[in-house]
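This is my_file.cif. It holds mmCIF, C-alpha atoms.
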data_final
#
loop_
_atom_site.label_atom_id
_atom_site.label_comp_id
_atom_site.auth_asym_id
_atom_site.auth_seq_id
_atom_site.Cartn_x
_atom_site.Cartn_y
_atom_site.Cartn_z
CA MET A 1 -27.08 -6.70 0.79
CA THR A 2 -23.68 -8.18 0.09
CA ALA A 3 -20.88 -6.02 1.30
CA GLN A 4 -17.53 -5.58 -0.36
CA VAL A 5 -14.69 -6.24 2.05
CA VAL A 6 -11.83 -3.76 1.64
CA THR A 7 -8.67 -4.15 3.71
CA ILE A 8 -6.26 -1.27 4.20
CA ALA A 9 -2.67 -2.45 4.74
CA SER A 10 0.81 -0.94 4.50
CA GLY A 11 3.61 -3.03 5.93
CA LYS A 12 5.21 -0.10 7.70
CA GLY A 13 3.49 1.44 10.72
CA GLY A 14 2.61 5.09 11.05
CA VAL A 15 1.89 5.80 7.39
CA GLY A 16 -1.78 6.60 7.97
CA LYS A 17 -3.73 3.35 7.62
CA THR A 18 -6.09 4.05 10.50
CA THR A 19 -6.66 7.64 9.36
CA ALA A 20 -7.40 6.35 5.87
CA VAL A 21 -9.91 3.78 7.14
CA ALA A 22 -11.73 6.33 9.31
CA ASN A 23 -11.93 8.89 6.53
CA ILE A 24 -12.90 6.55 3.71
CA ALA A 25 -15.56 5.01 5.95
CA ILE A 26 -16.97 8.44 6.77
CA ALA A 27 -16.93 9.44 3.12
CA LEU A 28 -18.70 6.24 2.04
CA ALA A 29 -21.29 6.55 4.81
CA SER A 30 -21.87 10.25 4.01
CA GLY A 31 -22.74 9.13 0.50
CA GLY A 32 -25.56 7.02 1.89
CA ALA A 33 -23.87 3.64 2.12
CA LYS A 34 -24.00 1.41 5.15
CA VAL A 35 -20.45 0.89 6.37
CA ALA A 36 -18.77 -1.19 9.08
CA CYS A 37 -15.10 -0.72 9.98
CA ILE A 38 -13.15 -3.40 11.79
CA ASP A 39 -10.04 -2.57 13.78
CA GLY A 40 -7.75 -5.50 13.00
CA ASP A 41 -4.98 -4.44 15.34
CA ILE A 42 -5.69 -6.66 18.35
CA GLY A 43 -3.87 -5.37 21.43
CA LEU A 44 -3.17 -1.94 19.91
CA ARG A 45 -6.67 -0.57 19.42
CA ASN A 46 -6.72 2.82 17.70
CA LEU A 47 -9.49 3.20 15.16
CA ASP A 48 -11.91 4.02 18.01
CA VAL A 49 -9.99 7.15 19.10
CA VAL A 50 -9.40 8.32 15.55
CA MET A 51 -13.16 8.09 14.93
CA GLY A 52 -13.97 9.64 18.31
CA LEU A 53 -15.90 6.59 19.52
CA GLU A 54 -13.64 5.41 22.35
CA ASN A 55 -16.22 6.10 25.06
CA ARG A 56 -18.87 3.88 23.50
CA ILE A 57 -17.08 0.56 23.48
CA VAL A 58 -18.72 -2.29 25.34
CA TYR A 59 -17.84 -5.39 23.31
CA ASP A 60 -15.03 -5.96 20.82
CA LEU A 61 -13.98 -8.18 17.92
CA VAL A 62 -12.66 -10.96 20.15
CA ASP A 63 -15.91 -10.97 22.17
CA VAL A 64 -17.81 -11.68 18.94
CA ILE A 65 -15.37 -14.37 17.81
CA GLU A 66 -15.40 -16.10 21.19
CA GLY A 67 -19.18 -15.93 21.42
CA ARG A 68 -19.52 -13.56 24.41
CA CYS A 69 -21.80 -11.29 22.41
CA ARG A 70 -23.71 -11.15 19.17
CA LEU A 71 -22.20 -9.35 16.17
CA ARG A 72 -24.77 -6.54 16.44
CA GLN A 73 -23.77 -5.85 20.04
CA ALA A 74 -20.15 -5.18 19.05
CA MET A 75 -21.13 -2.81 16.25
CA ILE A 76 -20.76 0.70 17.70
CA ARG A 77 -22.88 3.21 15.88
CA ASP A 78 -21.09 6.41 14.83
CA LYS A 79 -22.22 9.57 16.62
CA ARG A 80 -22.52 11.57 13.38
CA LEU A 81 -23.58 9.11 10.69
CA PRO A 82 -26.36 6.63 11.49
CA ASP A 83 -25.17 4.09 8.92
CA LEU A 84 -21.55 3.92 10.06
CA TYR A 85 -20.39 1.28 12.55
CA LEU A 86 -17.13 0.36 14.23
CA ILE A 87 -16.15 -3.07 15.51
CA PRO A 88 -13.24 -2.27 17.84
CA ALA A 89 -10.18 -4.40 18.45
CA ALA A 90 -9.70 -6.09 21.80
CA GLN A 91 -7.19 -4.17 23.87
CA THR A 92 -6.20 -6.84 26.39
CA ARG A 93 -5.56 -9.73 24.03
CA ASP A 94 -3.02 -10.49 21.32
CA LYS A 95 -3.25 -11.43 17.67
CA SER A 96 -3.40 -15.15 18.38
CA ALA A 97 -6.95 -14.64 19.72
CA VAL A 98 -8.13 -14.35 16.09
CA SER A 99 -7.49 -16.62 13.10
CA PRO A 100 -7.97 -15.99 9.37
CA SER A 101 -10.98 -18.35 9.35
CA ASP A 102 -12.54 -16.39 12.26
CA MET A 103 -12.31 -13.25 10.13
CA ILE A 104 -13.83 -14.99 7.12
CA ARG A 105 -16.72 -16.25 9.26
CA LEU A 106 -17.30 -12.85 10.88
CA CYS A 107 -17.24 -11.03 7.53
CA LYS A 108 -19.62 -13.59 6.04
CA GLU A 109 -22.18 -12.70 8.70
CA LEU A 110 -21.46 -8.97 8.44
CA ARG A 111 -21.75 -8.93 4.65
CA ASN A 112 -25.51 -9.31 4.96
CA GLU A 113 -25.79 -6.26 7.23
CA VAL A 114 -23.86 -3.56 5.36
CA ASP A 115 -22.64 -2.35 1.94
CA TRP A 116 -18.98 -1.95 2.84
CA ILE A 117 -16.67 -3.60 5.36
CA LEU A 118 -13.38 -1.76 5.85
CA ILE A 119 -10.67 -3.60 7.74
CA ASP A 120 -7.79 -1.68 9.32
CA SER A 121 -4.82 -4.04 9.15
CA PRO A 122 -2.03 -3.81 11.71
CA ALA A 123 1.49 -2.99 10.48
CA GLY A 124 3.79 -5.89 9.73
CA ILE A 125 3.29 -9.01 7.64
CA GLU A 126 2.44 -11.49 10.36
CA ARG A 127 -0.68 -12.95 11.95
CA GLY A 128 -2.63 -9.71 12.37
CA PHE A 129 -2.03 -8.79 8.73
CA LYS A 130 -2.92 -12.30 7.55
CA ASN A 131 -6.14 -12.12 9.58
CA SER A 132 -6.98 -8.76 8.06
CA ILE A 133 -6.58 -9.85 4.44
CA ALA A 134 -8.24 -13.26 4.83
CA ALA A 135 -11.73 -12.05 3.92
CA ALA A 136 -10.71 -9.16 1.66
CA ASP A 137 -12.24 -8.70 -1.78
CA ARG A 138 -9.93 -5.77 -2.40
CA VAL A 139 -6.82 -4.46 -0.67
CA LEU A 140 -5.68 -0.85 -0.56
CA ILE A 141 -2.02 -0.21 0.24
CA VAL A 142 -1.18 2.99 2.08
CA THR A 143 2.32 4.38 1.72
CA ASN A 144 4.20 7.66 2.17
CA PRO A 145 6.68 9.04 -0.35
CA GLU A 146 9.63 7.79 1.72
CA VAL A 147 12.09 4.98 1.07
CA SER A 148 11.20 2.81 4.06
CA ALA A 149 7.43 3.07 3.53
CA VAL A 150 7.71 2.34 -0.20
CA ARG A 151 9.96 -0.64 0.40
CA ASP A 152 7.59 -2.15 2.95
CA ALA A 153 4.61 -1.47 0.68
CA ASP A 154 6.39 -3.44 -2.04
CA ARG A 155 6.86 -6.41 0.31
CA VAL A 156 3.17 -6.39 1.17
CA ILE A 157 2.19 -6.17 -2.49
CA GLY A 158 4.45 -9.17 -3.16
CA ILE A 159 2.75 -11.18 -0.41
CA LEU A 160 -0.70 -10.26 -1.74
CA GLU A 161 0.37 -11.43 -5.20
CA ALA A 162 1.63 -14.70 -3.77
CA GLU A 163 -1.66 -15.19 -1.91
CA GLU A 164 -3.59 -14.27 -5.06
CA LYS A 165 -5.28 -11.39 -3.29
CA GLY A 166 -4.13 -8.76 -5.75
CA PRO A 167 -3.82 -6.56 -7.51
CA PRO A 168 -4.12 -3.97 -4.73
CA ALA A 169 -4.56 -0.24 -5.33
CA LEU A 170 -2.33 2.45 -3.88
CA ILE A 171 -3.08 5.36 -1.55
CA LEU A 172 -0.13 7.72 -1.48
CA ASN A 173 -0.50 9.56 1.81
CA ARG A 174 1.21 12.72 3.11
CA LEU A 175 2.54 13.98 -0.17
CA ASN A 176 4.12 17.41 0.21
CA PRO A 177 3.76 19.12 -3.20
CA ALA A 178 6.33 21.84 -2.38
CA MET A 179 8.98 19.24 -1.57
CA VAL A 180 8.12 17.28 -4.71
CA LYS A 181 8.53 20.44 -6.76
CA GLN A 182 12.01 20.91 -5.28
CA HIS A 183 12.85 17.30 -6.09
CA ASP A 184 13.30 16.54 -2.42
CA MET A 185 10.39 14.12 -2.19
CA LEU A 186 9.43 11.16 -4.36
CA SER A 187 6.56 12.20 -6.63
CA ALA A 188 3.40 10.18 -7.16
CA GLU A 189 4.78 9.23 -10.55
CA ASP A 190 8.03 7.97 -8.96
CA VAL A 191 6.16 5.83 -6.43
CA LEU A 192 3.87 4.40 -9.11
CA ASP A 193 6.89 3.59 -11.29
CA LEU A 194 8.50 1.75 -8.39
CA LEU A 195 5.49 -0.16 -7.10
CA ALA A 196 3.77 -0.71 -10.46
CA ILE A 197 0.22 -0.89 -9.12
CA ARG A 198 -2.91 1.14 -9.77
CA LEU A 199 -3.37 4.47 -7.95
CA ILE A 200 -6.62 5.10 -6.08
CA GLY A 201 -5.70 8.29 -4.24
CA VAL A 202 -3.07 10.86 -3.38
CA VAL A 203 -3.55 12.59 -0.04
CA PRO A 204 -1.63 15.80 0.53
CA GLU A 205 0.13 16.43 3.82
CA ASP A 206 -2.38 18.45 5.83
CA GLU A 207 -2.14 19.72 9.42
CA GLY A 208 -5.90 19.37 9.58
CA VAL A 209 -5.49 15.59 9.77
CA ILE A 210 -3.78 15.89 13.18
CA VAL A 211 -6.26 18.50 14.38
CA GLY A 212 -9.11 16.23 13.32
CA THR A 213 -7.56 13.24 15.05
CA ASN A 214 -7.06 15.31 18.22
CA ARG A 215 -10.80 15.91 18.31
CA GLY A 216 -11.93 12.55 17.01
CA ASN A 217 -13.38 14.22 13.93
CA PRO A 218 -11.77 12.83 10.77
CA VAL A 219 -11.06 15.42 8.03
CA ALA A 220 -13.43 13.77 5.57
CA LEU A 221 -16.14 15.60 7.57
CA GLU A 222 -14.56 18.98 6.69
CA PRO A 223 -15.84 20.26 3.34
CA LYS A 224 -12.83 22.54 2.83
CA SER A 225 -10.03 20.19 3.87
CA ARG A 226 -7.70 19.17 1.02
CA ALA A 227 -6.89 15.85 2.64
CA GLY A 228 -10.60 15.37 3.35
CA GLN A 229 -11.35 15.96 -0.33
CA ALA A 230 -8.69 13.41 -1.29
CA PHE A 231 -10.31 10.80 1.00
CA ARG A 232 -13.78 11.59 -0.35
CA ASN A 233 -12.39 11.07 -3.86
CA ILE A 234 -10.98 7.68 -2.85
CA ALA A 235 -14.44 6.67 -1.61
CA ARG A 236 -15.97 7.70 -4.94
CA ARG A 237 -13.34 5.75 -6.86
CA LEU A 238 -14.08 2.70 -4.71
CA ASN A 239 -17.66 3.08 -5.90
CA GLY A 240 -16.43 2.88 -9.47
CA GLU A 241 -16.68 6.59 -10.26
CA GLU A 242 -14.04 8.20 -12.47
CA VAL A 243 -12.75 11.10 -10.39
CA PRO A 244 -9.90 13.29 -11.62
CA PHE A 245 -6.92 13.41 -9.28
CA ILE A 246 -6.40 16.64 -7.31
CA ASP A 247 -3.74 18.63 -9.10
CA LEU A 248 -0.88 18.49 -6.62
CA GLU A 249 1.90 18.85 -9.13
CA ALA A 250 0.78 21.61 -11.43
CA GLY A 251 3.12 22.04 -14.34
CA THR A 252 4.58 18.55 -14.48
CA GLY A 253 1.87 17.24 -16.72
CA PHE A 254 1.72 14.11 -14.64
CA TRP A 255 -1.94 14.23 -13.78
CA SER A 256 -3.09 14.85 -17.31
CA ARG A 257 -0.90 11.98 -18.51
CA LEU A 258 -2.21 9.75 -15.79
CA LEU A 259 -5.80 10.46 -16.76
CA GLY A 260 -4.99 10.13 -20.43
CA ARG A 261 -3.58 6.70 -19.79
CA LYS A 262 -6.68 5.40 -18.07
CA MET B 1 18.15 16.10 -11.68
CA PHE B 2 21.03 18.40 -10.86
CA ASN B 3 21.00 21.59 -8.89
CA PHE B 4 23.80 23.53 -10.53
CA LEU B 5 24.11 26.06 -7.72
CA THR B 6 25.01 23.54 -5.09
CA ARG B 7 26.24 20.81 -7.45
CA LYS B 8 24.30 18.49 -5.24
CA ARG B 9 21.93 15.90 -6.56
CA ARG B 10 18.40 16.38 -5.33
CA SER B 11 17.42 13.75 -2.81
CA ALA B 12 14.30 12.46 -4.58
CA GLU B 13 16.47 11.08 -7.35
CA SER B 14 18.73 9.26 -4.89
CA ALA B 15 15.65 7.85 -3.19
CA LYS B 16 14.26 6.51 -6.45
CA GLU B 17 17.54 5.00 -7.62
CA ARG B 18 18.24 3.36 -4.28
CA LEU B 19 14.71 1.98 -4.11
CA GLN B 20 14.92 0.58 -7.64
CA LEU B 21 17.91 -1.52 -6.61
CA VAL B 22 16.55 -2.54 -3.22
CA LEU B 23 13.18 -3.58 -4.64
CA ILE B 24 14.74 -5.76 -7.33
CA HIS B 25 16.75 -7.62 -4.71
CA ASP B 26 13.76 -7.84 -2.32
CA ARG B 27 11.48 -9.17 -5.05
CA THR B 28 13.90 -11.79 -6.34
CA ASP B 29 15.23 -12.69 -2.92
CA LEU B 30 18.73 -12.41 -4.42
CA THR B 31 21.49 -10.49 -2.67
CA PRO B 32 24.06 -8.71 -4.84
CA ALA B 33 26.58 -11.40 -3.82
CA GLU B 34 24.22 -14.19 -4.88
CA LEU B 35 23.63 -12.44 -8.18
CA ASP B 36 27.40 -12.33 -8.76
CA ALA B 37 27.65 -16.04 -8.00
CA LEU B 38 24.83 -16.71 -10.46
CA LYS B 39 26.66 -14.71 -13.15
CA ASP B 40 29.86 -16.67 -12.57
CA ASP B 41 28.01 -19.97 -12.87
CA LEU B 42 26.28 -18.82 -16.04
CA LEU B 43 29.54 -17.72 -17.65
CA GLU B 44 31.25 -20.95 -16.73
CA THR B 45 28.45 -23.03 -18.26
CA ILE B 46 28.27 -20.99 -21.44
CA SER B 47 32.05 -21.02 -21.86
CA ARG B 48 31.95 -24.79 -22.02
CA HIS B 49 29.96 -24.56 -25.25
CA VAL B 50 31.04 -21.34 -26.94
CA ASP B 51 34.00 -19.03 -26.75
CA ILE B 52 33.10 -15.80 -24.92
CA ASP B 53 34.96 -12.84 -23.52
CA PRO B 54 33.92 -12.54 -19.85
CA ALA B 55 34.81 -8.84 -19.82
CA SER B 56 32.20 -7.97 -22.46
CA VAL B 57 29.35 -9.91 -20.84
CA ARG B 58 26.43 -8.03 -19.27
CA ILE B 59 23.97 -9.79 -17.00
CA ASP B 60 21.43 -7.64 -15.17
CA LEU B 61 18.20 -7.89 -13.26
CA ARG B 62 15.53 -5.58 -14.64
CA SER B 63 11.98 -4.90 -13.62
CA GLU B 64 9.08 -4.59 -15.98
CA GLY B 65 6.07 -3.58 -13.98
CA ARG B 66 6.04 -6.02 -11.08
CA ALA B 67 7.87 -8.77 -12.98
CA GLN B 68 11.62 -9.19 -12.78
CA ARG B 69 13.76 -10.58 -15.53
CA LEU B 70 17.34 -11.60 -15.85
CA LEU B 71 18.76 -10.04 -19.00
CA ALA B 72 21.99 -11.38 -20.43
CA ASP B 73 23.96 -9.91 -23.30
CA ILE B 74 26.75 -12.33 -24.06
CA PRO B 75 28.76 -11.60 -27.21
CA ILE B 76 30.24 -14.75 -28.75
CA LYS B 77 33.76 -14.51 -30.14
CA SER B 78 33.91 -14.72 -33.91
CA MET B 79 34.83 -17.94 -35.71
CA GLY B 80 38.01 -16.31 -37.07
CA ARG B 81 39.36 -15.50 -33.64
CA ARG B 82 38.35 -18.87 -32.30
CA ALA B 83 40.17 -20.60 -35.18
CA LYS B 84 43.30 -18.61 -34.43
CA LYS B 85 43.20 -19.65 -30.81
CA LYS B 86 43.08 -23.37 -31.68
#
Starting from the file, lay out its structure as structure tokens.
Amino acid sequence: MTAQVVTIASGKGGVGKTTAVANIAIALASGGAKVACIDGDIGLRNLDVVMGLENRIVYDLVDVIEGRCRLRQAMIRDKRLPDLYLIPAAQTRDKSAVSPSDMIRLCKELRNEVDWILIDSPAGIERGFKNSIAAADRVLIVTNPEVSAVRDADRVIGILEAEEKGPPALILNRLNPAMVKQHDMLSAEDVLDLLAIRLIGVVPEDEGVIVGTNRGNPVALEPKSRAGQAFRNIARRLNGEEVPFIDLEAGTGFWSRLLGRK
Amino acid sequence: MFNFLTRKRRSAESAKERLQLVLIHDRTDLTPAELDALKDDLLETISRHVDIDPASVRIDLRSEGRAQRLLADIPIKSMGRRAKKK
């Protein structure tokens, strides 16, 4: 087994990185893959609550790096999917407790255990982000159709290019099709024009995401959820499948053009 | 896109146009003021070799995908007019 390491980053906070990691991990693991997620946000642990695993934490990422436990001991098994694991962030430490080479070493060991390693990068472009991309084979950028989120995404893409980590793929999260139709929200086509990277998923705004987070049950577990479907599609595209994009902008011809182009 | 009832531009278009400008300056690490200084320097250098009309010069930053380029359109004054000037 040699896992692919996929880091989810964004630049701006609050755009849905953690939600994306939880849902893509669940979708990949539901498809039979063995998946480990790493919460890269040392000091601001969150992936555990989003996945509903906060009560099971004994050891964390920093415990593994500093040798207080073995890797296996810090891998919390998901309560729904037997092949899904979480390595939580330390809550009482800061980013300086981990270095990029620590992450590379940890992922090297973990690669032999699972098929996929998903790393939830913290917001920003500093140490925590650098740690999170150090071992990445691929990077997914999450953004929202808003000026500040798109601008920060562009900065992160620029840094990834400079570090020769690219080209990343884009997850456009919280798209509101009604607002796009009224020309009061950037469309997927607008954001792709601006950022000029490949699209891997468009996730519609969906109240179910908040409800799911409230309960610790990510929407990818809900067969009928539109956002859940979008995350499941991202997981399939990560696996190399050609999956048509959900038609969020009927009538604009964008999706057919997009697929025609590929 | 224009909404003719309110005569107000829809906000998505403003967002895209504003982002296009901001991203070009972010990516090149050039402020609008620095870009103006660069244009002045370019014009000064070129004027030393050929006769140009500064008012008809266009120098812009454009993006093509993720690459930025500096595009200059600098009409050179015709020989006839230059001869007259001498």
inquiry  = Could you list, as JSON, numbers by chain, every residue matched by the PyMOL selection byres ((chain A and resi 57) around 10) in this structure?
reply    = {"A": [48, 53, 54, 55, 56, 58, 59, 60, 73, 74, 75, 76, 77, 86, 87, 88, 89]}
Okay, now the selection with C-alpha atoms, as a PDB file, in the coordinates of the input?
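Okay, this is what ended up in again-v7.pdb:
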ATOM      1  CA  ASP A  48     -11.910   4.020  18.010  1.00  0.00           C
ATOM      2  CA  LEU A  53     -15.900   6.590  19.520  1.00  0.00           C
ATOM      3  CA  GLU A  54     -13.640   5.410  22.350  1.00  0.00           C
ATOM      4  CA  ASN A  55     -16.220   6.100  25.060  1.00  0.00           C
ATOM      5  CA  ARG A  56     -18.870   3.880  23.500  1.00  0.00           C
ATOM      6  CA  VAL A  58     -18.720  -2.290  25.340  1.00  0.00           C
ATOM      7  CA  TYR A  59     -17.840  -5.390  23.310  1.00  0.00           C
ATOM      8  CA  ASP A  60     -15.030  -5.960  20.820  1.00  0.00           C
ATOM      9  CA  GLN A  73     -23.770  -5.850  20.040  1.00  0.00           C
ATOM     10  CA  ALA A  74     -20.150  -5.180  19.050  1.00  0.00           C
ATOM     11  CA  MET A  75     -21.130  -2.810  16.250  1.00  0.00           C
ATOM     12  CA  ILE A  76     -20.760   0.700  17.700  1.00  0.00           C
ATOM     13  CA  ARG A  77     -22.880   3.210  15.880  1.00  0.00           C
ATOM     14  CA  LEU A  86     -17.130   0.360  14.230  1.00  0.00           C
ATOM     15  CA  ILE A  87     -16.150  -3.070  15.510  1.00  0.00           C
ATOM     16  CA  PRO A  88     -13.240  -2.270  17.840  1.00  0.00           C
ATOM     17  CA  ALA A  89     -10.180  -4.400  18.450  1.00  0.00           C
TER      18      ALA A  89
END
Contacts of chain A with chain B up to 6 Å, shortest pair per row, all atoms listed in the file, as a Markdown table:
| residue | atom | partner | partner_atom | distance |
| --- | --- | --- | --- | --- |
| A:His183 | CA | B:Ala12 | CA | 5.3 |
| A:Asp184 | CA | B:Ala12 | CA | 4.7 |
| A:Met185 | CA | B:Ala12 | CA | 4.9 |
| A:Leu186 | CA | B:Ala12 | CA | 5.0 |
| A:Ala196 | CA | B:Gly65 | CA | 5.1 |
query = Any idea what's packed within 8 Å of Leu28 of chain A, counting all atoms listed in the file, ignoring anything in its chain fewer than 4 positions away? Could you give it as a PyMOL selection string?
reply = chain A and resi 24+32-35+232+235-236
message = Taking the file as I've supplied it (selection: the PyMOL selection byres ((chain A and resi 215) around 10)), which residues are included? Please answer as a list of chain:residue names.
response =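 Expected selection for the PyMOL selection byres ((chain A and resi 215) around 10) here is A:Val49, A:Val50, A:Met51, A:Gly52, A:Ile210, A:Val211, A:Gly212, A:Thr213, A:Asn214, A:Gly216, A:Asn217, A:Pro218.
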Could the residues in this selection be written to a file with C-alpha atoms, as a PDB file, in the frame of the given file?
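In the end it all went to part_38.pdb:
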ATOM      1  CA  VAL A  49      -9.990   7.150  19.100  1.00  0.00           C
ATOM      2  CA  VAL A  50      -9.400   8.320  15.550  1.00  0.00           C
ATOM      3  CA  MET A  51     -13.160   8.090  14.930  1.00  0.00           C
ATOM      4  CA  GLY A  52     -13.970   9.640  18.310  1.00  0.00           C
ATOM      5  CA  ILE A 210      -3.780  15.890  13.180  1.00  0.00           C
ATOM      6  CA  VAL A 211      -6.260  18.500  14.380  1.00  0.00           C
ATOM      7  CA  GLY A 212      -9.110  16.230  13.320  1.00  0.00           C
ATOM      8  CA  THR A 213      -7.560  13.240  15.050  1.00  0.00           C
ATOM      9  CA  ASN A 214      -7.060  15.310  18.220  1.00  0.00           C
ATOM     10  CA  GLY A 216     -11.930  12.550  17.010  1.00  0.00           C
ATOM     11  CA  ASN A 217     -13.380  14.220  13.930  1.00  0.00           C
ATOM     12  CA  PRO A 218     -11.770  12.830  10.770  1.00  0.00           C
TER      13      PRO A 218
END
inquiry  = Counting only C-alpha atoms, which residue out of A:Asp120, A:Asp193, A:Asp137, A:Glu126 sits closest to Ile104 of chain A?
reply    =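 Closest residue, counting only C-alpha atoms: A:Asp137.
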key: Atom pair atom CA of Gly201 of chain A / atom CA of Ile171 of chain A: separation (Å)   =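 Between these atoms lies a distance of 4.8 Å.
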task = Measure the distance from atom CA of Leu160 of chain A to atom CA of Val139 of chain A in Å and round it to one decimal.
result = 8.5 Å
Shortest interatomic distance to Ala220 of chain A - which of A:Val15, A:Val5, A:Val21, A:Leu71, counting all atoms listed in the file = A:Val21
message = Going by the chain IDs and residue numbers used in this file, which residues fall under the PyMOL selection byres ((chain A and resi 170) around 10)? Write them as a list in words.
response =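 Residues picked by the PyMOL selection byres ((chain A and resi 170) around 10): Ile8, Ala9, Ser10, Val139, Leu140, Ile141, Val142, Thr143, Ala153, Ile157, Pro167, Pro168, Ala169, Ile171, Leu172, Asn173, Val191, Leu192, Leu195, Ala196, Ile197, Arg198, Leu199, Ile200, Gly201 and Val202 of chain A.
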Missing atoms in segment 10-25 of chain A should be modelled up to N, CA and C atoms and reported as a short mmCIF file (atom, residue, chain, number, x, y, z; two decimals), in the frame of the given file.
data_model
loop_
_atom_site.label_atom_id
_atom_site.label_comp_id
_atom_site.auth_asym_id
_atom_site.auth_seq_id
_atom_site.Cartn_x
_atom_site.Cartn_y
_atom_site.Cartn_z
N SER A 10 -0.33 -1.80 4.89
CA SER A 10 0.81 -0.94 4.50
C SER A 10 2.18 -1.58 4.70
N GLY A 11 2.28 -2.55 5.57
CA GLY A 11 3.61 -3.03 5.93
C GLY A 11 4.18 -2.18 7.04
N LYS A 12 4.63 -0.98 6.70
CA LYS A 12 5.21 -0.10 7.70
C LYS A 12 4.12 0.53 8.57
N GLY A 13 4.43 0.76 9.83
CA GLY A 13 3.49 1.44 10.72
C GLY A 13 3.59 2.94 10.56
N GLY A 14 2.55 3.63 10.99
CA GLY A 14 2.61 5.09 11.05
C GLY A 14 2.47 5.81 9.73
N VAL A 15 2.02 5.12 8.68
CA VAL A 15 1.89 5.80 7.39
C VAL A 15 0.50 6.39 7.17
N GLY A 16 -0.44 6.02 8.06
CA GLY A 16 -1.78 6.60 7.97
C GLY A 16 -2.89 5.62 7.61
N LYS A 17 -2.68 4.34 7.92
CA LYS A 17 -3.73 3.35 7.62
C LYS A 17 -5.02 3.66 8.37
N THR A 18 -4.90 3.86 9.68
CA THR A 18 -6.09 4.05 10.50
C THR A 18 -6.83 5.33 10.08
N THR A 19 -6.07 6.39 9.84
CA THR A 19 -6.66 7.64 9.36
C THR A 19 -7.39 7.40 8.05
N ALA A 20 -6.77 6.62 7.16
CA ALA A 20 -7.40 6.35 5.87
C ALA A 20 -8.70 5.58 6.06
N VAL A 21 -8.69 4.57 6.92
CA VAL A 21 -9.91 3.78 7.14
C VAL A 21 -11.03 4.67 7.67
N ALA A 22 -10.71 5.47 8.70
CA ALA A 22 -11.73 6.33 9.31
C ALA A 22 -12.33 7.29 8.28
N ASN A 23 -11.46 7.88 7.48
CA ASN A 23 -11.93 8.89 6.53
C ASN A 23 -12.68 8.30 5.35
N ILE A 24 -12.20 7.18 4.84
CA ILE A 24 -12.90 6.55 3.71
C ILE A 24 -14.26 6.04 4.19
N ALA A 25 -14.29 5.50 5.40
CA ALA A 25 -15.56 5.01 5.95
C ALA A 25 -16.55 6.16 6.08
#
